[in-house]
Every structure is written in C-alpha cells, then in structure tokens.
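Q: Mind looking over this structure? Questions follow.
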Amino acid sequence: MNPYEANPDNIPSTDLYADIPFYGRYLPGPNDFQVDPQHIGSQSPDSLNYWSSVIDLCTEYVQIYPADEGGRDVFALGSVIVKSSHLHETKNGRIPEIDYSYADENEIRAIAICRNVLNPIRLPRIYFAGKINGRQVLVQERLPGVSLNVAFPYLSEGQRLAFKQQAREILRKLHTMKPNSEQQGRSHVVQDPNILDNGRIGALEKDILFSDTYTDPDMSLMHNDFTPSNCIVDNDKIVGLIDWEMAGFFGWKTAGEVHRRIRTPQREHFVNAALSEEKLRDIM
C-alpha cells in the first residue's frame with residue numbers, strides 16, 4: 001500500500017488504524033468544515049458563540065483520541081483539529097480538567113518563533129485558544145498528509161533511514177535557537193507556574209526536566225515531543241510538525257532522556273507480547 005494514502009476510503013481493513021479512519025491521515029476535500037476567518041483569534045461574545053458551535057460538532061464520530069480523566073479529547077473536524085474535554089462529565093458540579101491554558105500559550109509561542117526557522121516544513125495555525133463553557137479549548141489547523149507512525153509499517157528500510165536523517169536536520173535547525181540571556185535554567189517557552197503539580201507532566205518527566213540530575217551547557221529550543229505521531233509526511237518528506245505544547249529550552253541530554261525514557265516504547269512494555277527480536281527492533 002502507498003504509505004502516504006490519506007483517503008480514508010482507500011484504507012484496507014488490515015491497517016493498524018482502520019478503526020479510526022480520521023486518525024493520522026488528512027486529504028483535504030471541498031466539503032470539509034472550514035473555520036470562519038472573522039473569528040480566528042477572537043474572543044468577542046459573537047466569536048465565543050461561534051467557537052461553542054464548533055465544539056458542538058465535535059462528537060465521538062470525529063474523535064481520534066479519547067483522553068483520560070482530566071485530559072482533553074482530540075477531534076478531527078474537517079480542516080481543523082480540536083482539543084476539548086466537553087464530552088467528559090462534571091464531578092459534583094466541577095470540571096475535572098487540568099489547566100491547559102499555559103500549554104496552549106506555549107504551543108502558540110513556540111510555533112510563532114519556529115515557523116520561519118523550519119520553513120518549508122509546515123506548522124499548524126492556531127485558530128482559537130480559550131475557555132468555552134468553562135473548559136480550555138484549542139482549535140488548530142489540520143495539516144494535510146499522513147503521520148509518520150501511520151505510514152511507518154508501509155515504508156522500506158531506506159525510506160525509514162531517510163526520515164531519520166530528516167528528523168536530525170530538523171533538530172539541528174531547532175538547536176540554533178537559544179534562550180535569551182535573562183533565562184535561568186531549563187524552561188518551557190511559556191513558563192507554567194504550576195507545572196510541577198498540576199498534572200500536565202508525570203513524575204519521571206518532572207524529575208528529568210527540573211531536577212539537578214541533568215546539566216545543560218547547550219540549552220536550545222527543543223520540540224520535546226518529537227515522536228513519529230507528530231511528524232506529518234508525504235512523498236518521502238517530513239512536511240509538517242505538530243503538538244508544540246511541551247516545547248522549551250533544554251539541553252540535548254535532557255531532551256534525549258525525556259524521549260528515551262518517556263516518549264518512546266520500552267522493551268518492558270512488550271515482555272508478555274511474545275514478539276521476535278526483529279519485531280521489537282522495528283517497534284523501538
């Protein structure tokens with residue numbers, strides 16, 4: 001099968017994501033939902049009503065990632081991606097949601113400073129970030145193409161190696177972006193004052209990023225969630241990079257530990273799966 005097939009109608013039933021046809025694939029169509037440009041970036045009363053109507057369109061049918069309690073589900077609605085917890089029930093009249101306001105501002109700022117550096121690789125436009133009915137909502141552009149994790153099973157070894165080289169080049173470009181002279185220590189692009197205890201990151205990531213265990217003489221801009229699912233590919237090229245909410249100024253070693261120990265699958269996760277060594281290496 002063509003690794004870059006983005007039309008859900010052409011996905012075989014044997015595909016790993018056949019039961020989630022909108023996940024990791026997007027082929028723009030003339031009838032896709034499109035954002036009304038007059039409401040982009042606006043939080044006027046009329047615009048908030050508009051964005052509320054957009055949330056109403058985000059049903060389980062277009063849900064591509066159901067989040068655990070406190071998190072936000074992800075929806076693929078035509079030409080946009082929406083992150084919202086509106087399908088989650090309240091608890092005793094309270095919305096059990098992590099505060100994502102700093103995460104969304106981090107994504108907006110990181111994309112803004114990286115867009116020109118990574119051009120022609122596309123970064124999504126952010127259309128809205130704010131509260132709708134008491135819940136933090138993010139609406140962003142849905143980039144055409146296929147996520148690398150979805151395309152991966154259909155790639156040749158040569159194609160996989162080529163994507164690794166492209167990924168290294170992206171990291172090298174990001175490494176040229178240094179924190180300003182006033183910044184002291186590791187930090188996300190937008191500092192979240194409650195990052196250590198609001199549930200956005202787990203205990204291990206907290207220890208790696210903000211303990212004194214790792215020293216960073218080479219701090220630079222790191223995407224910090226640079227996984228195959230966040231790389232959009234087409235025709236043997238990385239054409240887009242998404243999910244910048246964890247981006248920040250860290251060193252190679254610190255970012256490497258986050259990815260090695262948290263972002264990537266670990267062998268112990270598959271101890272009962274009876275997989276061959278070849279299959280394990282392929283997953284890892």
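Order determines the names: the first chain of the structure tokens is A, the second B, and so forth; residues in each chain are numbered 1 upward, and ligands are numbered 1 upward as they are shown.
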Do you know which residues are at most 7 Å from segment 245-250 of chain A counting only C-alpha atoms, after dropping those on the same chain fewer than 2 positions away, and could you put them as a PyMOL selection string?
A: chain A and resi 103-104+106-107+110+179+186-189+216+219-225+243+252+254-255
Q: Please return, as number ranges by chain, all residues of segment 61-278 of chain A that DSSP assigns to helix (DSSP H, G or I) on the basis of the backbone.
A: A: 61-62, 101-118, 148-154, 157-175, 203-210, 228-230, 252-263, 267-270, 277-278
Q: I'd like the contact shell of segment 40-54 of chain A - 9 Å cut-off, only C-alpha atoms, skipping same-chain residues fewer than 3 positions apart - returned as number ranges by chain.
A: A: 35-37, 57-58, 77, 82, 126-133, 139
Q: Just to be explicit: take each residue in the selection above, keep N, CA and C atoms, and write the result as a short mmCIF file (atom, residue, chain, number, x, y, z; two decimals), in the first residue's frame.
A:
data_model
loop_
_atom_site.label_atom_id
_atom_site.label_comp_id
_atom_site.auth_asym_id
_atom_site.auth_seq_id
_atom_site.Cartn_x
_atom_site.Cartn_y
_atom_site.Cartn_z
N VAL A 35 -12.97 26.90 9.08
CA VAL A 35 -13.16 27.94 10.08
C VAL A 35 -13.58 29.25 9.42
N ASP A 36 -14.51 29.95 10.06
CA ASP A 36 -14.92 31.28 9.60
C ASP A 36 -13.79 32.26 9.95
N PRO A 37 -13.12 32.83 8.95
CA PRO A 37 -11.92 33.65 9.23
C PRO A 37 -12.16 34.81 10.18
N LEU A 57 -19.98 20.39 17.17
CA LEU A 57 -19.77 19.48 16.03
C LEU A 57 -18.78 18.37 16.36
N CYS A 58 -18.09 18.51 17.48
CA CYS A 58 -17.07 17.54 17.85
C CYS A 58 -17.71 16.40 18.65
N LEU A 77 -12.00 17.49 12.81
CA LEU A 77 -13.23 18.06 12.25
C LEU A 77 -12.89 18.77 10.95
N VAL A 82 -9.35 19.78 17.01
CA VAL A 82 -9.91 20.41 18.20
C VAL A 82 -9.52 19.59 19.42
N ILE A 126 -2.89 28.35 14.72
CA ILE A 126 -3.79 28.24 15.87
C ILE A 126 -4.95 29.21 15.65
N TYR A 127 -6.15 28.67 15.60
CA TYR A 127 -7.33 29.49 15.32
C TYR A 127 -8.01 30.02 16.58
N PHE A 128 -7.93 29.24 17.66
CA PHE A 128 -8.57 29.66 18.89
C PHE A 128 -7.94 28.93 20.07
N ALA A 129 -7.73 29.66 21.15
CA ALA A 129 -7.30 29.07 22.41
C ALA A 129 -7.96 29.86 23.53
N GLY A 130 -8.82 29.20 24.28
CA GLY A 130 -9.52 29.90 25.35
C GLY A 130 -10.59 29.03 25.97
N LYS A 131 -11.37 29.64 26.85
CA LYS A 131 -12.40 28.91 27.58
C LYS A 131 -13.73 28.91 26.83
N ILE A 132 -14.32 27.73 26.72
CA ILE A 132 -15.67 27.56 26.20
C ILE A 132 -16.45 26.77 27.25
N ASN A 133 -17.46 27.40 27.82
CA ASN A 133 -18.26 26.75 28.87
C ASN A 133 -17.38 26.23 30.00
N VAL A 139 -8.21 25.09 19.07
CA VAL A 139 -8.60 24.77 17.69
C VAL A 139 -7.44 25.15 16.80
#
Q: For Gln165 of chain A, which residue among A:Ile238, A:Asn194, A:Leu209, A:Leu148 is the nearest when counting only C-alpha atoms?
A: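 Smallest separation from Gln165 of chain A among the options: A:Ile238.
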Q: Restricting the calculation to only C-alpha atoms: of A:Ala167, A:Ala6, A:Ser84, A:Arg122, which residue gets closest to Leu143 of chain A?
A: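 When distances to Leu143 of chain A are compared using only C-alpha atoms, the smallest one comes from A:Arg122.
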Q: Write out as an mmCIF file with N, CA, C and O atoms, in the first residue's frame all residues of segment 23-183 of chain A that backbone DSSP assigns to strand (DSSP E or B).
A:
data_model
loop_
_atom_site.group_PDB
_atom_site.id
_atom_site.type_symbol
_atom_site.label_atom_id
_atom_site.label_comp_id
_atom_site.auth_asym_id
_atom_site.auth_seq_id
_atom_site.Cartn_x
_atom_site.Cartn_y
_atom_site.Cartn_z
ATOM 1 N N ARG A 25 -4.335 10.790 9.225
ATOM 2 C CA ARG A 25 -4.439 10.942 7.772
ATOM 3 C C ARG A 25 -5.375 12.099 7.450
ATOM 4 O O ARG A 25 -6.440 12.203 8.038
ATOM 5 N N TYR A 26 -4.962 12.943 6.517
ATOM 6 C CA TYR A 26 -5.870 14.003 6.092
ATOM 7 C C TYR A 26 -5.654 14.344 4.627
ATOM 8 O O TYR A 26 -4.577 14.769 4.217
ATOM 9 N N GLN A 63 -13.950 11.840 16.838
ATOM 10 C CA GLN A 63 -12.947 11.757 17.900
ATOM 11 C C GLN A 63 -11.822 10.816 17.468
ATOM 12 O O GLN A 63 -12.060 9.691 17.049
ATOM 13 N N ILE A 64 -10.584 11.282 17.572
ATOM 14 C CA ILE A 64 -9.448 10.441 17.186
ATOM 15 C C ILE A 64 -8.573 10.067 18.372
ATOM 16 O O ILE A 64 -7.697 9.206 18.246
ATOM 17 N N TYR A 65 -8.793 10.727 19.506
ATOM 18 C CA TYR A 65 -8.042 10.370 20.710
ATOM 19 C C TYR A 65 -8.888 10.663 21.938
ATOM 20 O O TYR A 65 -9.127 11.825 22.264
ATOM 21 N N ASP A 73 -9.921 15.366 24.966
ATOM 22 C CA ASP A 73 -10.048 14.528 23.785
ATOM 23 C C ASP A 73 -9.571 15.322 22.566
ATOM 24 O O ASP A 73 -9.533 16.559 22.571
ATOM 25 N N VAL A 74 -9.228 14.590 21.507
ATOM 26 C CA VAL A 74 -8.808 15.224 20.265
ATOM 27 C C VAL A 74 -9.784 14.825 19.162
ATOM 28 O O VAL A 74 -10.133 13.647 19.030
ATOM 29 N N PHE A 75 -10.211 15.822 18.381
ATOM 30 C CA PHE A 75 -11.194 15.615 17.322
ATOM 31 C C PHE A 75 -10.631 16.107 15.991
ATOM 32 O O PHE A 75 -9.972 17.144 15.936
ATOM 33 N N ALA A 76 -10.880 15.342 14.921
ATOM 34 C CA ALA A 76 -10.507 15.744 13.570
ATOM 35 C C ALA A 76 -11.782 16.179 12.853
ATOM 36 O O ALA A 76 -12.556 15.357 12.370
ATOM 37 N N LEU A 77 -12.001 17.486 12.810
ATOM 38 C CA LEU A 77 -13.228 18.056 12.247
ATOM 39 C C LEU A 77 -12.888 18.773 10.952
ATOM 40 O O LEU A 77 -12.502 19.942 10.954
ATOM 41 N N VAL A 80 -9.775 21.145 10.633
ATOM 42 C CA VAL A 80 -9.226 21.560 11.928
ATOM 43 C C VAL A 80 -9.090 20.380 12.883
ATOM 44 O O VAL A 80 -9.772 19.365 12.747
ATOM 45 N N ILE A 81 -8.191 20.556 13.840
ATOM 46 C CA ILE A 81 -8.043 19.665 14.977
ATOM 47 C C ILE A 81 -8.524 20.425 16.206
ATOM 48 O O ILE A 81 -8.140 21.581 16.414
ATOM 49 N N VAL A 82 -9.353 19.778 17.011
ATOM 50 C CA VAL A 82 -9.906 20.411 18.202
ATOM 51 C C VAL A 82 -9.522 19.585 19.424
ATOM 52 O O VAL A 82 -9.663 18.359 19.427
ATOM 53 N N LYS A 83 -9.043 20.271 20.457
ATOM 54 C CA LYS A 83 -8.759 19.630 21.740
ATOM 55 C C LYS A 83 -9.729 20.189 22.766
ATOM 56 O O LYS A 83 -9.758 21.399 23.014
ATOM 57 N N SER A 84 -10.524 19.303 23.357
ATOM 58 C CA SER A 84 -11.562 19.745 24.290
ATOM 59 C C SER A 84 -12.002 18.581 25.164
ATOM 60 O O SER A 84 -11.966 17.422 24.743
ATOM 61 N N LYS A 91 -17.891 16.612 37.815
ATOM 62 C CA LYS A 91 -17.915 15.877 39.085
ATOM 63 C C LYS A 91 -18.347 16.830 40.192
ATOM 64 O O LYS A 91 -17.634 17.779 40.508
ATOM 65 N N ARG A 94 -18.226 20.300 39.227
ATOM 66 C CA ARG A 94 -16.884 20.804 38.935
ATOM 67 C C ARG A 94 -16.326 20.113 37.695
ATOM 68 O O ARG A 94 -16.554 18.925 37.478
ATOM 69 N N ARG A 122 5.671 22.728 7.436
ATOM 70 C CA ARG A 122 4.518 23.472 7.919
ATOM 71 C C ARG A 122 4.260 23.225 9.405
ATOM 72 O O ARG A 122 4.384 22.092 9.884
ATOM 73 N N ILE A 126 -2.890 28.354 14.722
ATOM 74 C CA ILE A 126 -3.790 28.241 15.874
ATOM 75 C C ILE A 126 -4.948 29.210 15.650
ATOM 76 O O ILE A 126 -4.741 30.420 15.529
ATOM 77 N N TYR A 127 -6.154 28.674 15.604
ATOM 78 C CA TYR A 127 -7.330 29.489 15.317
ATOM 79 C C TYR A 127 -8.007 30.018 16.580
ATOM 80 O O TYR A 127 -8.580 31.100 16.570
ATOM 81 N N PHE A 128 -7.929 29.237 17.656
ATOM 82 C CA PHE A 128 -8.573 29.660 18.893
ATOM 83 C C PHE A 128 -7.944 28.931 20.066
ATOM 84 O O PHE A 128 -7.664 27.732 19.998
ATOM 85 N N ALA A 129 -7.733 29.663 21.153
ATOM 86 C CA ALA A 129 -7.304 29.070 22.414
ATOM 87 C C ALA A 129 -7.962 29.860 23.535
ATOM 88 O O ALA A 129 -7.719 31.057 23.677
ATOM 89 N N GLY A 130 -8.818 29.199 24.282
ATOM 90 C CA GLY A 130 -9.523 29.897 25.348
ATOM 91 C C GLY A 130 -10.594 29.027 25.973
ATOM 92 O O GLY A 130 -10.721 27.839 25.652
ATOM 93 N N LYS A 131 -11.370 29.635 26.849
ATOM 94 C CA LYS A 131 -12.402 28.910 27.583
ATOM 95 C C LYS A 131 -13.726 28.913 26.826
ATOM 96 O O LYS A 131 -14.189 29.951 26.357
ATOM 97 N N ILE A 132 -14.319 27.726 26.715
ATOM 98 C CA ILE A 132 -15.674 27.561 26.203
ATOM 99 C C ILE A 132 -16.451 26.773 27.249
ATOM 100 O O ILE A 132 -16.099 25.629 27.564
ATOM 101 N N ARG A 135 -14.292 25.280 29.945
ATOM 102 C CA ARG A 135 -13.269 24.295 29.577
ATOM 103 C C ARG A 135 -12.282 24.925 28.597
ATOM 104 O O ARG A 135 -12.670 25.644 27.683
ATOM 105 N N GLN A 136 -10.996 24.600 28.788
ATOM 106 C CA GLN A 136 -9.958 25.137 27.913
ATOM 107 C C GLN A 136 -9.995 24.385 26.584
ATOM 108 O O GLN A 136 -9.899 23.158 26.535
ATOM 109 N N VAL A 137 -10.117 25.146 25.496
ATOM 110 C CA VAL A 137 -10.269 24.576 24.154
ATOM 111 C C VAL A 137 -9.168 25.108 23.247
ATOM 112 O O VAL A 137 -8.810 26.288 23.313
ATOM 113 N N LEU A 138 -8.634 24.231 22.411
ATOM 114 C CA LEU A 138 -7.670 24.630 21.389
ATOM 115 C C LEU A 138 -8.177 24.167 20.031
ATOM 116 O O LEU A 138 -8.547 23.005 19.866
ATOM 117 N N VAL A 139 -8.214 25.094 19.069
ATOM 118 C CA VAL A 139 -8.603 24.768 17.692
ATOM 119 C C VAL A 139 -7.438 25.150 16.796
ATOM 120 O O VAL A 139 -6.993 26.305 16.812
ATOM 121 N N GLN A 140 -6.945 24.196 16.033
ATOM 122 C CA GLN A 140 -5.799 24.477 15.177
ATOM 123 C C GLN A 140 -5.974 23.854 13.798
ATOM 124 O O GLN A 140 -6.836 23.006 13.579
ATOM 125 N N GLU A 141 -5.136 24.295 12.899
ATOM 126 C CA GLU A 141 -5.151 23.799 11.527
ATOM 127 C C GLU A 141 -4.795 22.312 11.492
ATOM 128 O O GLU A 141 -3.907 21.857 12.207
ATOM 129 N N GLY A 145 -1.681 15.297 4.878
ATOM 130 C CA GLY A 145 -0.624 14.303 4.853
ATOM 131 C C GLY A 145 -0.936 13.143 5.780
ATOM 132 O O GLY A 145 -2.089 12.940 6.180
ATOM 133 N N VAL A 146 0.096 12.404 6.125
ATOM 134 C CA VAL A 146 -0.040 11.206 6.959
ATOM 135 C C VAL A 146 0.984 11.293 8.079
ATOM 136 O O VAL A 146 2.134 11.695 7.856
ATOM 137 N N SER A 147 0.593 10.964 9.297
ATOM 138 C CA SER A 147 1.572 10.965 10.384
ATOM 139 C C SER A 147 2.550 9.806 10.179
ATOM 140 O O SER A 147 2.190 8.742 9.656
#
Q: Within 10 Å of Gln159 of chain A, counting only C-alpha atoms, which residues qualify if same-chain residues fewer than 6 places away don't, as a list in words?
A: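 Surrounding residues, per the criterion: Phe152, Gln165, Asp236 and Lys237 of chain A.
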Q: Restricted to N, CA and C atoms, what would the selected residues look like written as an mmCIF file, in the first residue's frame?
A:
data_model
loop_
_atom_site.group_PDB
_atom_site.id
_atom_site.type_symbol
_atom_site.label_atom_id
_atom_site.label_comp_id
_atom_site.auth_asym_id
_atom_site.auth_seq_id
_atom_site.Cartn_x
_atom_site.Cartn_y
_atom_site.Cartn_z
ATOM 1 N N PHE A 152 4.511 4.348 8.766
ATOM 2 C CA PHE A 152 5.704 3.558 9.054
ATOM 3 C C PHE A 152 5.623 2.091 8.622
ATOM 4 N N GLN A 165 17.150 10.798 9.017
ATOM 5 C CA GLN A 165 18.078 11.865 8.657
ATOM 6 C C GLN A 165 17.362 13.213 8.596
ATOM 7 N N ASP A 236 7.808 10.960 0.800
ATOM 8 C CA ASP A 236 9.143 10.728 1.355
ATOM 9 C C ASP A 236 9.745 11.949 2.044
ATOM 10 N N LYS A 237 8.924 12.909 2.444
ATOM 11 C CA LYS A 237 9.429 14.087 3.144
ATOM 12 C C LYS A 237 8.587 14.378 4.387
#
Q: When you count only C-alpha atoms, which of these residues is closest to Asn31 of chain A: A:Glu205, A:Ser79, A:His175, A:Leu241?
A: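 Among the listed residues, the smallest separation from Asn31 of chain A belongs to A:Ser79.
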Q: How many Å lie between atom CA of Gly202 of chain A and atom CA of Gly71 of chain A, rounded to one decimal?
A: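 Distance between the two atoms: 13.0 Å.
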